[in-house]
file target25.csv (CSV, C-alpha atoms and all ligand atoms)
chain,number,residue,atom,x,y,z
A,9,MET,CA,6.0,29.6,31.2
A,10,ASP,CA,6.8,26.0,32.3
A,11,ALA,CA,10.0,25.0,30.4
A,12,GLY,CA,10.3,21.6,32.2
A,13,PRO,CA,10.5,18.2,30.4
A,14,ARG,CA,7.4,17.2,28.5
A,15,ASP,CA,5.7,14.0,27.7
A,16,PRO,CA,7.2,12.9,24.3
A,17,ASN,CA,3.8,12.6,22.7
A,18,GLU,CA,3.0,16.1,23.7
A,19,GLN,CA,6.3,17.4,22.5
A,20,ARG,CA,5.7,15.8,19.1
A,21,LEU,CA,2.3,17.3,18.9
A,22,ALA,CA,3.7,20.7,19.8
A,23,ASP,CA,6.5,20.3,17.2
A,24,GLY,CA,3.9,19.4,14.6
A,25,ILE,CA,1.8,22.5,15.3
A,26,ARG,CA,4.9,24.7,15.4
A,27,HIS,CA,6.2,23.5,12.0
A,28,GLY,CA,2.9,22.8,10.3
A,29,MET,CA,3.9,19.1,9.9
A,30,LEU,CA,1.5,16.2,9.7
A,31,ARG,CA,2.7,12.7,10.6
A,32,PHE,CA,1.2,9.3,9.9
A,33,PHE,CA,-0.6,8.3,13.1
A,34,GLY,CA,1.2,11.0,15.0
A,35,LEU,CA,4.4,8.9,14.9
A,36,PRO,CA,7.8,10.5,15.4
A,37,TRP,CA,9.3,11.9,12.3
A,38,VAL,CA,12.8,10.8,11.4
A,39,ASP,CA,15.2,12.1,8.8
A,40,SER,CA,15.4,9.4,6.1
A,41,SER,CA,18.4,11.1,4.4
A,42,ASN,CA,20.4,9.1,6.9
A,43,PRO,CA,18.5,5.9,6.8
A,44,ALA,CA,20.8,3.6,8.9
A,45,GLU,CA,20.5,6.1,11.8
A,46,ALA,CA,16.9,7.0,11.2
A,47,TYR,CA,15.5,3.5,11.0
A,48,LYS,CA,17.7,2.0,13.7
A,49,ASP,CA,15.7,-0.4,16.0
A,50,CYS,CA,12.5,0.4,14.0
A,51,ARG,CA,9.8,-2.2,13.4
A,52,VAL,CA,7.6,0.0,11.2
A,53,VAL,CA,8.5,2.8,8.8
A,54,CYS,CA,5.7,4.8,7.2
A,55,LEU,CA,6.6,6.6,4.0
A,56,GLY,CA,4.6,8.6,1.4
A,57,ILE,CA,5.2,8.4,-2.3
A,58,PRO,CA,3.8,11.6,-3.9
A,59,HIS,CA,4.0,10.6,-7.5
A,60,ASP,CA,1.1,10.2,-10.0
A,61,ILE,CA,2.3,10.4,-13.6
A,62,GLY,CA,1.6,6.7,-13.9
A,63,ALA,CA,-2.1,7.6,-13.7
A,64,GLY,CA,-2.1,9.3,-17.1
A,65,GLY,CA,-5.5,10.9,-17.4
A,66,SER,CA,-6.5,11.0,-13.8
A,67,PRO,CA,-3.7,12.8,-11.9
A,68,GLY,CA,-3.9,14.0,-8.3
A,69,ALA,CA,-2.9,10.9,-6.3
A,70,ARG,CA,0.4,12.7,-5.6
A,71,TYR,CA,-1.4,14.5,-2.8
A,72,GLY,CA,-2.5,11.2,-1.2
A,73,PRO,CA,0.3,11.1,1.4
A,74,TYR,CA,-0.5,14.6,2.7
A,75,SER,CA,-4.2,13.9,2.9
A,76,VAL,CA,-3.8,10.4,4.5
A,77,ARG,CA,-1.4,11.9,7.1
A,78,GLY,CA,-4.0,14.5,8.0
A,79,ALA,CA,-6.7,11.9,8.3
A,80,SER,CA,-4.6,9.4,10.2
A,81,GLY,CA,-5.1,10.6,13.8
A,82,MET,CA,-3.2,9.2,16.7
A,83,PRO,CA,-4.4,5.6,17.4
A,84,ALA,CA,-3.0,4.0,20.6
A,85,ALA,CA,-0.1,1.7,19.6
A,86,PRO,CA,0.0,-1.7,21.3
A,87,GLU,CA,3.2,-2.6,23.2
A,88,THR,CA,4.0,-5.4,20.7
A,89,LEU,CA,4.3,-2.9,17.8
A,90,GLY,CA,7.7,-1.8,18.8
A,91,ARG,CA,9.3,1.4,17.4
A,92,ALA,CA,7.3,2.9,14.6
A,93,VAL,CA,8.2,6.2,12.7
A,94,ASP,CA,7.2,8.4,9.8
A,95,GLY,CA,10.2,8.6,7.5
A,96,GLY,CA,8.6,11.4,5.4
A,97,ASN,CA,8.0,11.2,1.7
A,98,ILE,CA,10.3,9.4,-0.8
A,99,PRO,CA,11.6,12.2,-2.9
A,100,ALA,CA,10.5,10.7,-6.2
A,101,PRO,CA,10.7,13.0,-9.2
A,102,LEU,CA,7.3,14.2,-10.2
A,103,ALA,CA,7.9,14.1,-14.0
A,104,SER,CA,10.1,11.0,-14.4
A,105,ALA,CA,8.5,7.5,-14.0
A,106,ARG,CA,11.9,5.9,-14.4
A,107,GLY,CA,13.4,8.3,-11.8
A,108,MET,CA,10.5,7.4,-9.4
A,109,ARG,CA,11.2,3.7,-9.8
A,110,ASP,CA,14.9,4.1,-9.0
A,111,VAL,CA,14.4,6.2,-5.9
A,112,VAL,CA,11.5,4.1,-4.6
A,113,GLU,CA,13.4,0.8,-5.0
A,114,LYS,CA,16.4,2.3,-3.2
A,115,SER,CA,14.4,3.9,-0.4
A,116,VAL,CA,12.5,0.7,0.3
A,117,ALA,CA,15.7,-1.3,0.3
A,118,GLU,CA,17.1,1.1,2.9
A,119,VAL,CA,14.1,0.4,5.2
A,120,LEU,CA,14.5,-3.4,4.7
A,121,ALA,CA,18.3,-3.2,5.3
A,122,ALA,CA,17.5,-1.7,8.7
A,123,GLY,CA,15.3,-4.7,9.5
A,124,ALA,CA,12.1,-2.6,9.5
A,125,THR,CA,8.8,-3.1,7.6
A,126,PRO,CA,7.8,-0.4,5.2
A,127,PHE,CA,4.2,0.9,5.1
A,128,LEU,CA,3.7,3.1,2.1
A,129,VAL,CA,1.0,5.6,0.9
A,130,GLY,CA,0.9,6.5,-2.8
A,131,GLY,CA,0.8,7.9,-5.3
A,132,ASP,CA,-0.7,6.0,-8.2
A,133,HIS,CA,-0.4,2.2,-8.4
A,134,SER,CA,2.8,2.4,-10.6
A,135,VAL,CA,4.8,3.0,-7.4
A,136,SER,CA,4.2,-0.5,-6.2
A,137,LEU,CA,6.4,-2.2,-8.9
A,138,PRO,CA,9.7,-0.8,-7.6
A,139,VAL,CA,8.6,-1.6,-4.0
A,140,MET,CA,8.0,-5.3,-5.0
A,141,ARG,CA,11.4,-5.3,-6.8
A,142,ALA,CA,13.1,-4.3,-3.6
A,143,MET,CA,11.1,-6.8,-1.6
A,144,HIS,CA,12.1,-9.6,-4.1
A,145,LYS,CA,15.8,-8.7,-3.8
A,146,ALA,CA,15.5,-8.9,0.0
A,147,PHE,CA,13.2,-11.9,0.4
A,148,GLY,CA,13.1,-13.8,-2.9
A,149,PRO,CA,9.8,-14.7,-4.6
A,150,LEU,CA,6.8,-13.2,-2.8
A,151,ALA,CA,3.2,-13.9,-2.1
A,152,VAL,CA,1.3,-10.8,-3.1
A,153,VAL,CA,-2.2,-10.0,-1.8
A,154,HIS,CA,-3.6,-7.4,-4.1
A,155,PHE,CA,-6.8,-5.5,-3.4
A,156,ASP,CA,-8.2,-3.7,-6.4
A,157,ALA,CA,-11.2,-3.2,-8.7
A,158,HIS,CA,-8.8,-3.9,-11.6
A,159,PRO,CA,-6.4,-6.7,-12.1
A,160,ASP,CA,-3.6,-4.3,-13.1
A,161,THR,CA,-2.3,-6.7,-15.7
A,162,SER,CA,-2.7,-4.2,-18.6
A,163,LYS,CA,-0.4,-4.2,-21.6
A,164,GLY,CA,0.9,-0.8,-22.7
A,165,MET,CA,-1.8,1.7,-23.6
A,166,GLU,CA,-0.5,4.2,-26.1
A,167,LEU,CA,-3.3,6.6,-25.6
A,168,MET,CA,-2.5,6.8,-21.9
A,169,SER,CA,1.3,6.7,-21.7
A,170,ASP,CA,4.4,5.8,-23.7
A,171,ASP,CA,5.7,4.2,-20.6
A,172,PRO,CA,4.5,0.5,-20.2
A,173,TYR,CA,5.0,0.8,-16.4
A,174,HIS,CA,1.8,2.9,-15.9
A,175,HIS,CA,-0.6,2.4,-13.0
A,176,GLY,CA,-2.7,-0.2,-14.8
A,177,ALA,CA,0.3,-2.6,-15.2
A,178,PRO,CA,2.3,-3.2,-12.0
A,179,LEU,CA,1.0,-6.7,-11.4
A,180,ARG,CA,1.7,-7.7,-15.0
A,181,HIS,CA,5.4,-6.7,-14.6
A,182,ALA,CA,5.6,-8.3,-11.2
A,183,LEU,CA,4.4,-11.6,-12.7
A,184,GLU,CA,6.6,-11.3,-15.8
A,185,GLU,CA,9.7,-10.3,-13.8
A,186,GLY,CA,9.3,-13.4,-11.6
A,187,LEU,CA,8.9,-11.3,-8.4
A,188,ILE,CA,5.9,-13.4,-7.4
A,189,ALA,CA,6.2,-17.1,-6.5
A,190,PRO,CA,4.2,-19.5,-8.7
A,191,ARG,CA,0.4,-19.2,-8.0
A,192,GLN,CA,1.0,-16.6,-5.3
A,193,LEU,CA,-0.8,-13.6,-6.6
A,194,HIS,CA,-4.1,-13.3,-4.7
A,195,GLN,CA,-6.4,-10.6,-6.1
A,196,LEU,CA,-9.4,-9.5,-4.0
A,197,GLY,CA,-12.2,-7.1,-4.9
A,198,ILE,CA,-11.7,-7.5,-8.7
A,199,ARG,CA,-14.7,-6.6,-10.8
A,200,VAL,CA,-13.1,-5.9,-14.2
A,201,SER,CA,-11.6,-8.7,-16.4
A,202,TRP,CA,-8.6,-7.8,-18.6
A,203,ASP,CA,-6.0,-10.3,-19.6
A,204,GLU,CA,-7.4,-13.8,-18.9
A,205,ASP,CA,-4.6,-15.5,-20.7
A,206,LEU,CA,-2.0,-14.0,-18.4
A,207,THR,CA,-4.1,-14.8,-15.4
A,208,ARG,CA,-4.4,-18.4,-16.4
A,209,GLU,CA,-0.8,-18.7,-17.4
A,210,HIS,CA,0.4,-17.6,-14.0
A,211,GLY,CA,-2.3,-19.3,-11.9
A,212,VAL,CA,-3.5,-16.0,-10.5
A,213,ASN,CA,-6.1,-16.4,-7.7
A,214,VAL,CA,-8.9,-14.0,-8.5
A,215,TYR,CA,-11.6,-13.3,-5.9
A,216,THR,CA,-14.3,-10.9,-7.2
A,217,THR,CA,-16.5,-8.9,-4.9
A,218,ASP,CA,-19.3,-11.3,-5.9
A,219,HIS,CA,-17.2,-14.3,-4.9
A,220,LEU,CA,-16.4,-12.7,-1.6
A,221,ALA,CA,-20.1,-12.0,-0.9
A,222,ASP,CA,-21.1,-15.5,-1.9
A,223,ARG,CA,-18.4,-17.5,-0.1
A,224,GLY,CA,-17.8,-15.1,2.8
A,225,ILE,CA,-14.7,-13.3,3.9
A,226,ARG,CA,-13.8,-15.9,6.6
A,227,MET,CA,-13.8,-18.8,4.2
A,228,VAL,CA,-11.9,-17.0,1.4
A,229,MET,CA,-9.3,-15.6,3.7
A,230,ALA,CA,-8.7,-18.9,5.4
A,231,ARG,CA,-8.0,-20.3,1.9
A,232,VAL,CA,-5.7,-17.4,1.0
A,233,ARG,CA,-3.7,-17.8,4.3
A,234,GLU,CA,-3.4,-21.5,3.8
A,235,ALA,CA,-2.1,-21.1,0.2
A,236,ILE,CA,0.5,-18.5,1.3
A,237,GLY,CA,1.7,-20.4,4.4
A,238,THR,CA,5.0,-18.9,5.5
A,239,LEU,CA,6.0,-17.1,2.3
A,240,PRO,CA,7.1,-13.4,2.6
A,241,THR,CA,3.9,-11.5,1.8
A,242,TYR,CA,3.5,-8.1,0.3
A,243,VAL,CA,0.1,-6.4,0.5
A,244,THR,CA,-0.9,-3.8,-2.1
A,245,PHE,CA,-4.2,-2.0,-1.6
A,246,ASP,CA,-5.6,0.1,-4.4
A,247,ILE,CA,-8.3,2.1,-2.7
A,248,ASP,CA,-10.7,1.6,-5.7
A,249,ALA,CA,-11.2,-2.0,-4.4
A,250,VAL,CA,-13.6,-0.2,-2.1
A,251,ASP,CA,-17.0,0.9,-3.5
A,252,PRO,CA,-17.1,4.6,-4.7
A,253,ALA,CA,-19.9,5.1,-2.1
A,254,PHE,CA,-17.2,4.6,0.6
A,255,ALA,CA,-14.1,5.7,-1.2
A,256,PRO,CA,-15.0,8.3,-3.9
A,257,GLY,CA,-11.6,10.0,-3.8
A,258,THR,CA,-9.9,7.9,-6.5
A,259,GLY,CA,-9.2,8.3,-10.2
A,260,THR,CA,-10.8,5.2,-11.7
A,261,PRO,CA,-13.8,4.3,-9.5
A,262,VAL,CA,-15.9,1.1,-10.3
A,263,PRO,CA,-19.3,0.5,-8.6
A,264,GLY,CA,-20.0,-2.7,-6.8
A,265,GLY,CA,-16.9,-2.7,-4.5
A,266,LEU,CA,-16.2,-3.6,-1.0
A,267,THR,CA,-17.7,-1.7,2.0
A,268,SER,CA,-15.3,0.0,4.4
A,269,ARG,CA,-16.0,-2.6,7.0
A,270,GLU,CA,-15.3,-5.5,4.6
A,271,ALA,CA,-12.1,-3.9,3.5
A,272,LEU,CA,-10.9,-3.5,7.1
A,273,ARG,CA,-11.9,-7.0,8.0
A,274,LEU,CA,-10.1,-8.4,4.9
A,275,VAL,CA,-6.8,-6.6,5.9
A,276,GLY,CA,-7.2,-7.7,9.5
A,277,SER,CA,-7.6,-11.3,8.2
A,278,LEU,CA,-4.0,-11.2,7.0
A,279,ALA,CA,-2.8,-11.4,10.7
A,280,GLY,CA,-0.6,-14.5,11.1
A,281,LEU,CA,1.0,-14.1,7.7
A,282,ARG,CA,4.6,-13.0,7.3
A,283,ILE,CA,3.8,-9.5,6.1
A,284,VAL,CA,7.0,-7.8,4.8
A,285,GLY,CA,5.4,-4.6,3.6
A,286,MET,CA,2.2,-2.9,2.5
A,287,ASP,CA,1.0,0.0,0.4
A,288,VAL,CA,-2.2,1.9,0.0
A,289,VAL,CA,-2.4,3.7,-3.3
A,290,GLU,CA,-4.7,5.7,-5.7
A,291,VAL,CA,-6.1,8.0,-3.0
A,292,LEU,CA,-7.0,11.2,-5.0
A,293,PRO,CA,-8.0,13.8,-2.4
A,294,ALA,CA,-9.4,16.4,-4.9
A,295,LEU,CA,-12.2,13.9,-5.8
A,296,ASP,CA,-12.9,13.0,-2.1
A,297,GLN,CA,-16.0,13.9,-0.1
A,298,SER,CA,-15.6,14.9,3.6
A,299,ASN,CA,-12.2,13.2,3.6
A,300,ILE,CA,-13.8,9.7,3.9
A,301,THR,CA,-11.4,8.1,1.4
A,302,SER,CA,-8.3,9.4,3.2
A,303,LEU,CA,-9.8,8.3,6.6
A,304,LEU,CA,-10.4,4.8,5.2
A,305,ALA,CA,-6.9,4.7,3.7
A,306,ALA,CA,-5.4,5.6,7.0
A,307,ALA,CA,-7.5,3.0,8.8
A,308,LEU,CA,-6.5,0.3,6.3
A,309,LEU,CA,-2.8,1.1,6.7
A,310,TRP,CA,-3.1,1.0,10.5
A,311,ARG,CA,-5.0,-2.3,10.3
A,312,GLY,CA,-2.2,-3.6,8.1
A,313,ILE,CA,0.4,-2.5,10.6
A,314,LEU,CA,-1.4,-4.3,13.4
A,315,ALA,CA,-1.8,-7.4,11.2
A,316,SER,CA,2.0,-7.4,10.5
A,317,VAL,CA,2.6,-7.9,14.2
A,318,GLY,CA,-0.1,-10.6,14.5
A,319,LEU,CA,-3.0,-8.4,15.7
A,320,ALA,CA,-6.3,-8.6,13.8
B,401,MN,MN,-7.8,0.0,-9.5
B,402,MN,MN,-4.5,-0.6,-9.2
call {"tool": "encode", "arguments": {"input": "target25.csv", "output": "structure tokens"}}
result
Amino acid sequence: MDAGPRDPNEQRLADGIRHGMLRFFGLPWVDSSNPAEAYKDCRVVCLGIPHDIGAGGSPGARYGPYSVRGASGMPAAPETLGRAVDGGNIPAPLASARGMRDVVEKSVAEVLAAGATPFLVGGDHSVSLPVMRAMHKAFGPLAVVHFDAHPDTSKGMELMSDDPYHHGAPLRHALEEGLIAPRQLHQLGIRVSWDEDLTREHGVNVYTTDHLADRGIRMVMARVREAIGTLPTYVTFDIDAVDPAFAPGTGTPVPGGLTSREALRLVGSLAGLRIVGMDVVEVLPALDQSNITSLLAAALLWRGILASVGLA
């Protein structure tokens, strides 16, 4: 048997097969327990957040990172991407929402401290709040581009959770905690109306799927990019922004959403912005059909990674 040196890609593939490991986009795996060493010289760090107790009655998104890794393939990375790695999953406690928030904020801060950009896969949408807290500490008030069927500005729902930080509320807390710069929450794909007072009070920019269809993606995204300018921009993508016909594997589907192609084009349209991080959340593999939701989630994350280095 030939024991000579191997192509690094082939070596990684062989390691993955040998150890039964899946990696986001076939990227090299690094040991995030030593983040300064693991993320040294990295441009992009992909991390999973397998946590879903924020989803109350529709659990299962904790399996999202595993499924999206399996669906993520090995796309050819452009030269300009620089070093990109899979840092594994953030070890968030499954049964403690507060514990999850602490660990996620700390883990994201470690990626940022190394000068890298985090790309995260949930998990339910409650995981995004601690990510935005870490982002705010590093960069100050953010622009947030939020793709979702729901505005996620819910108040506490006693029937769902005694924790007000459940998956229907991350954007409410981000607004109320001042993580988002004035008038810099841009919501796309929305087709449910919740707290219009809060939306008005904070000058939230809401683009419904009807609005996108009527005005067109090019015009709407030009306006979003112009409004954001050079602000540090966090992208949070709840997969239920996409129509259940294209993304059935999610806990709170709402008909009338984006097509896969529209979703990809929207994320690609963020190229040119100063993207400081992105998440894709609410993939619930047990409800999926033929893996299409995980495939799309992986494609959206990859498109976001390309957009972060200026490629549409
Ligand atoms: Mn949603
Ligand atoms: Mn959401």
call {"tool": "residues_near_ligand", "arguments": {"input": "target25.csv", "ligand": "ligand MN 401 (chain B)", "cutoff": "10 Å", "atoms": "all atoms listed in the file", "output": "PDB file with C-alpha atoms, in the coordinates of the input"}}
result
ATOM      1  CA  ASP A 132      -0.700   6.000  -8.200  1.00  0.00           C
ATOM      2  CA  HIS A 133      -0.400   2.200  -8.400  1.00  0.00           C
ATOM      3  CA  PHE A 155      -6.800  -5.500  -3.400  1.00  0.00           C
ATOM      4  CA  ASP A 156      -8.200  -3.700  -6.400  1.00  0.00           C
ATOM      5  CA  ALA A 157     -11.200  -3.200  -8.700  1.00  0.00           C
ATOM      6  CA  HIS A 158      -8.800  -3.900 -11.600  1.00  0.00           C
ATOM      7  CA  PRO A 159      -6.400  -6.700 -12.100  1.00  0.00           C
ATOM      8  CA  ASP A 160      -3.600  -4.300 -13.100  1.00  0.00           C
ATOM      9  CA  HIS A 175      -0.600   2.400 -13.000  1.00  0.00           C
ATOM     10  CA  GLY A 176      -2.700  -0.200 -14.800  1.00  0.00           C
ATOM     11  CA  GLY A 197     -12.200  -7.100  -4.900  1.00  0.00           C
ATOM     12  CA  ILE A 198     -11.700  -7.500  -8.700  1.00  0.00           C
ATOM     13  CA  ARG A 199     -14.700  -6.600 -10.800  1.00  0.00           C
ATOM     14  CA  VAL A 200     -13.100  -5.900 -14.200  1.00  0.00           C
ATOM     15  CA  PHE A 245      -4.200  -2.000  -1.600  1.00  0.00           C
ATOM     16  CA  ASP A 246      -5.600   0.100  -4.400  1.00  0.00           C
ATOM     17  CA  ILE A 247      -8.300   2.100  -2.700  1.00  0.00           C
ATOM     18  CA  ASP A 248     -10.700   1.600  -5.700  1.00  0.00           C
ATOM     19  CA  ALA A 249     -11.200  -2.000  -4.400  1.00  0.00           C
ATOM     20  CA  VAL A 250     -13.600  -0.200  -2.100  1.00  0.00           C
ATOM     21  CA  THR A 258      -9.900   7.900  -6.500  1.00  0.00           C
ATOM     22  CA  GLY A 259      -9.200   8.300 -10.200  1.00  0.00           C
ATOM     23  CA  THR A 260     -10.800   5.200 -11.700  1.00  0.00           C
ATOM     24  CA  PRO A 261     -13.800   4.300  -9.500  1.00  0.00           C
ATOM     25  CA  VAL A 262     -15.900   1.100 -10.300  1.00  0.00           C
ATOM     26  CA  VAL A 289      -2.400   3.700  -3.300  1.00  0.00           C
ATOM     27  CA  GLU A 290      -4.700   5.700  -5.700  1.00  0.00           C
TER      28      GLU A 290
END
call {"tool": "closest_residue", "arguments": {"input": "target25.csv", "among": "A:Thr207, A:Asn42, A:Ser80, A:Ser104", "to": "Asp171 of chain A", "atoms": "only C-alpha atoms"}}
result
A:Ser104
call {"tool": "residues_around", "arguments": {"input": "target25.csv", "residues": "Pro138 of chain A", "least_positions_apart": "5", "cutoff": "12 Å", "atoms": "all atoms listed in the file", "output": "VMD selection string"}}
result
chain A and resid 57 100 105 to 117 133 143 to 145 173 178 to 179 181 to 182 185 187 287
call {"tool": "closest_residue", "arguments": {"input": "target25.csv", "among": "A:Leu183, A:Leu35, A:Val232, A:Leu309", "to": "Ala84 of chain A", "atoms": "only C-alpha atoms"}}
result
A:Leu35
call {"tool": "residues_around", "arguments": {"input": "target25.csv", "residues": "Ala79 of chain A", "least_positions_apart": "2", "cutoff": "6 Å", "atoms": "only C-alpha atoms", "output": "PyMOL selection string"}}
result
chain A and resi 76-77+81+302-303
call {"tool": "atom_distance", "arguments": {"input": "target25.csv", "atom1": "atom CA of Ile236 of chain A", "atom2": "atom CA of Arg311 of chain A"}}
result
19.3 Å
call {"tool": "atom_distance", "arguments": {"input": "target25.csv", "atom1": "atom CA of Leu120 of chain A", "atom2": "atom CA of Val317 of chain A"}}
result
15.9 Å
call {"tool": "closest_residue", "arguments": {"input": "target25.csv", "among": "A:Ala253, A:Pro190, A:Ala294, A:Gly224", "to": "Gly72 of chain A", "atoms": "all atoms listed in the file"}}
result
A:Ala294
call {"tool": "atom_distance", "arguments": {"input": "target25.csv", "atom1": "atom MN of ligand MN 402 (chain B)", "atom2": "atom CA of Met286 of chain A"}}
result
13.7 Å
call {"tool": "residues_near_point", "arguments": {"input": "target25.csv", "point": "(-21.2, -10.4, 0.2)", "cutoff": "12 Å", "atoms": "only C-alpha atoms", "output": "list in words"}}
result
Gly197, Tyr215, Thr216, Thr217, Asp218, His219, Leu220, Ala221, Asp222, Arg223, Gly224, Ile225, Arg226, Met227, Val228, Gly264, Gly265, Leu266, Thr267, Arg269, Glu270 and Ala271 of chain A
call {"tool": "closest_atom_pairs", "arguments": {"input": "target25.csv", "of": "segment 36-144 of chain A", "to": "segment 15-27 of chain A", "cutoff": "10 Å", "atoms": "only C-alpha atoms", "output": "JSON lines"}}
result
{"residue": "A:Pro36", "atom": "CA", "partner": "A:Arg20", "partner_atom": "CA", "distance": 6.8}
{"residue": "A:Trp37", "atom": "CA", "partner": "A:Arg20", "partner_atom": "CA", "distance": 8.6}
{"residue": "A:Met82", "atom": "CA", "partner": "A:Asn17", "partner_atom": "CA", "distance": 9.8}
call {"tool": "closest_residue", "arguments": {"input": "target25.csv", "among": "A:Ala46, A:Gly318, A:Leu278, A:Gly28", "to": "Gly237 of chain A", "atoms": "all atoms listed in the file"}}
result
A:Leu278
call {"tool": "closest_residue", "arguments": {"input": "target25.csv", "among": "A:Thr238, A:Ser66, A:Gln195, A:Ser40", "to": "Asp94 of chain A", "atoms": "all atoms listed in the file"}}
result
A:Ser40
call {"tool": "closest_residue", "arguments": {"input": "target25.csv", "among": "A:Arg51, A:Lys163, A:Arg70, A:His174", "to": "ligand MN 402 (chain B)", "atoms": "only C-alpha atoms and all ligand atoms"}}
result
A:His174
call {"tool": "residues_near_point", "arguments": {"input": "target25.csv", "point": "(20.6, -0.6, 10.9)", "cutoff": "6 Å", "atoms": "all atoms listed in the file", "output": "mmCIF file with C-alpha atoms, keeping the file's coordinate frame"}}
result
data_model
loop_
_atom_site.group_PDB
_atom_site.id
_atom_site.type_symbol
_atom_site.label_atom_id
_atom_site.label_comp_id
_atom_site.auth_asym_id
_atom_site.auth_seq_id
_atom_site.Cartn_x
_atom_site.Cartn_y
_atom_site.Cartn_z
ATOM 1 C CA ALA A 44 20.800 3.600 8.900
ATOM 2 C CA LYS A 48 17.700 2.000 13.700
ATOM 3 C CA ALA A 122 17.500 -1.700 8.700
#
call {"tool": "residues_around", "arguments": {"input": "target25.csv", "residues": "Leu55 of chain A", "least_positions_apart": "5", "cutoff": "10 Å", "atoms": "all atoms listed in the file", "output": "list in words"}}
result
Arg31, Phe32, Ser40, Pro73, Val93, Asp94, Gly95, Gly96, Asn97, Ile98, Ser115, Val116, Val119, Pro126, Phe127, Leu128, Val129, Gly130 and Asp287 of chain A
call {"tool": "decode", "arguments": {"input": "target25.csv", "residues": "segment 216-227 of chain A", "atoms": "N, CA, C and O atoms", "output": "mmCIF file, in the first residue's frame"}}
result
data_model
loop_
_atom_site.group_PDB
_atom_site.id
_atom_site.type_symbol
_atom_site.label_atom_id
_atom_site.label_comp_id
_atom_site.auth_asym_id
_atom_site.auth_seq_id
_atom_site.Cartn_x
_atom_site.Cartn_y
_atom_site.Cartn_z
ATOM 1 N N THR A 216 -42.049 42.315 3.272
ATOM 2 C CA THR A 216 -42.798 41.061 3.194
ATOM 3 C C THR A 216 -42.475 40.354 1.872
ATOM 4 O O THR A 216 -41.879 40.951 0.966
ATOM 5 N N THR A 217 -42.879 39.100 1.766
ATOM 6 C CA THR A 217 -42.665 38.386 0.495
ATOM 7 C C THR A 217 -43.445 39.074 -0.632
ATOM 8 O O THR A 217 -42.964 39.139 -1.764
ATOM 9 N N ASP A 218 -44.637 39.589 -0.325
ATOM 10 C CA ASP A 218 -45.392 40.322 -1.350
ATOM 11 C C ASP A 218 -44.630 41.567 -1.799
ATOM 12 O O ASP A 218 -44.561 41.875 -2.991
ATOM 13 N N HIS A 219 -44.067 42.279 -0.829
ATOM 14 C CA HIS A 219 -43.296 43.478 -1.137
ATOM 15 C C HIS A 219 -42.115 43.133 -2.053
ATOM 16 O O HIS A 219 -41.864 43.812 -3.056
ATOM 17 N N LEU A 220 -41.424 42.040 -1.729
ATOM 18 C CA LEU A 220 -40.283 41.622 -2.557
ATOM 19 C C LEU A 220 -40.732 41.258 -3.964
ATOM 20 O O LEU A 220 -40.073 41.598 -4.952
ATOM 21 N N ALA A 221 -41.889 40.584 -4.054
ATOM 22 C CA ALA A 221 -42.393 40.191 -5.375
ATOM 23 C C ALA A 221 -42.806 41.422 -6.182
ATOM 24 O O ALA A 221 -42.546 41.514 -7.381
ATOM 25 N N ASP A 222 -43.445 42.383 -5.521
ATOM 26 C CA ASP A 222 -43.931 43.578 -6.225
ATOM 27 C C ASP A 222 -42.792 44.499 -6.649
ATOM 28 O O ASP A 222 -42.780 44.999 -7.772
ATOM 29 N N ARG A 223 -41.855 44.763 -5.724
ATOM 30 C CA ARG A 223 -40.781 45.721 -6.008
ATOM 31 C C ARG A 223 -39.595 45.081 -6.723
ATOM 32 O O ARG A 223 -38.840 45.763 -7.408
ATOM 33 N N GLY A 224 -39.403 43.807 -6.484
ATOM 34 C CA GLY A 224 -38.266 43.120 -7.088
ATOM 35 C C GLY A 224 -37.063 43.107 -6.157
ATOM 36 O O GLY A 224 -36.802 44.063 -5.420
ATOM 37 N N ILE A 225 -36.334 41.996 -6.200
ATOM 38 C CA ILE A 225 -35.199 41.803 -5.292
ATOM 39 C C ILE A 225 -34.122 42.844 -5.534
ATOM 40 O O ILE A 225 -33.551 43.403 -4.595
ATOM 41 N N ARG A 226 -33.847 43.135 -6.794
ATOM 42 C CA ARG A 226 -32.752 44.057 -7.094
ATOM 43 C C ARG A 226 -32.982 45.430 -6.458
ATOM 44 O O ARG A 226 -32.090 45.990 -5.822
ATOM 45 N N MET A 227 -34.208 45.922 -6.591
ATOM 46 C CA MET A 227 -34.508 47.267 -6.076
ATOM 47 C C MET A 227 -34.504 47.280 -4.530
ATOM 48 O O MET A 227 -33.938 48.185 -3.905
#
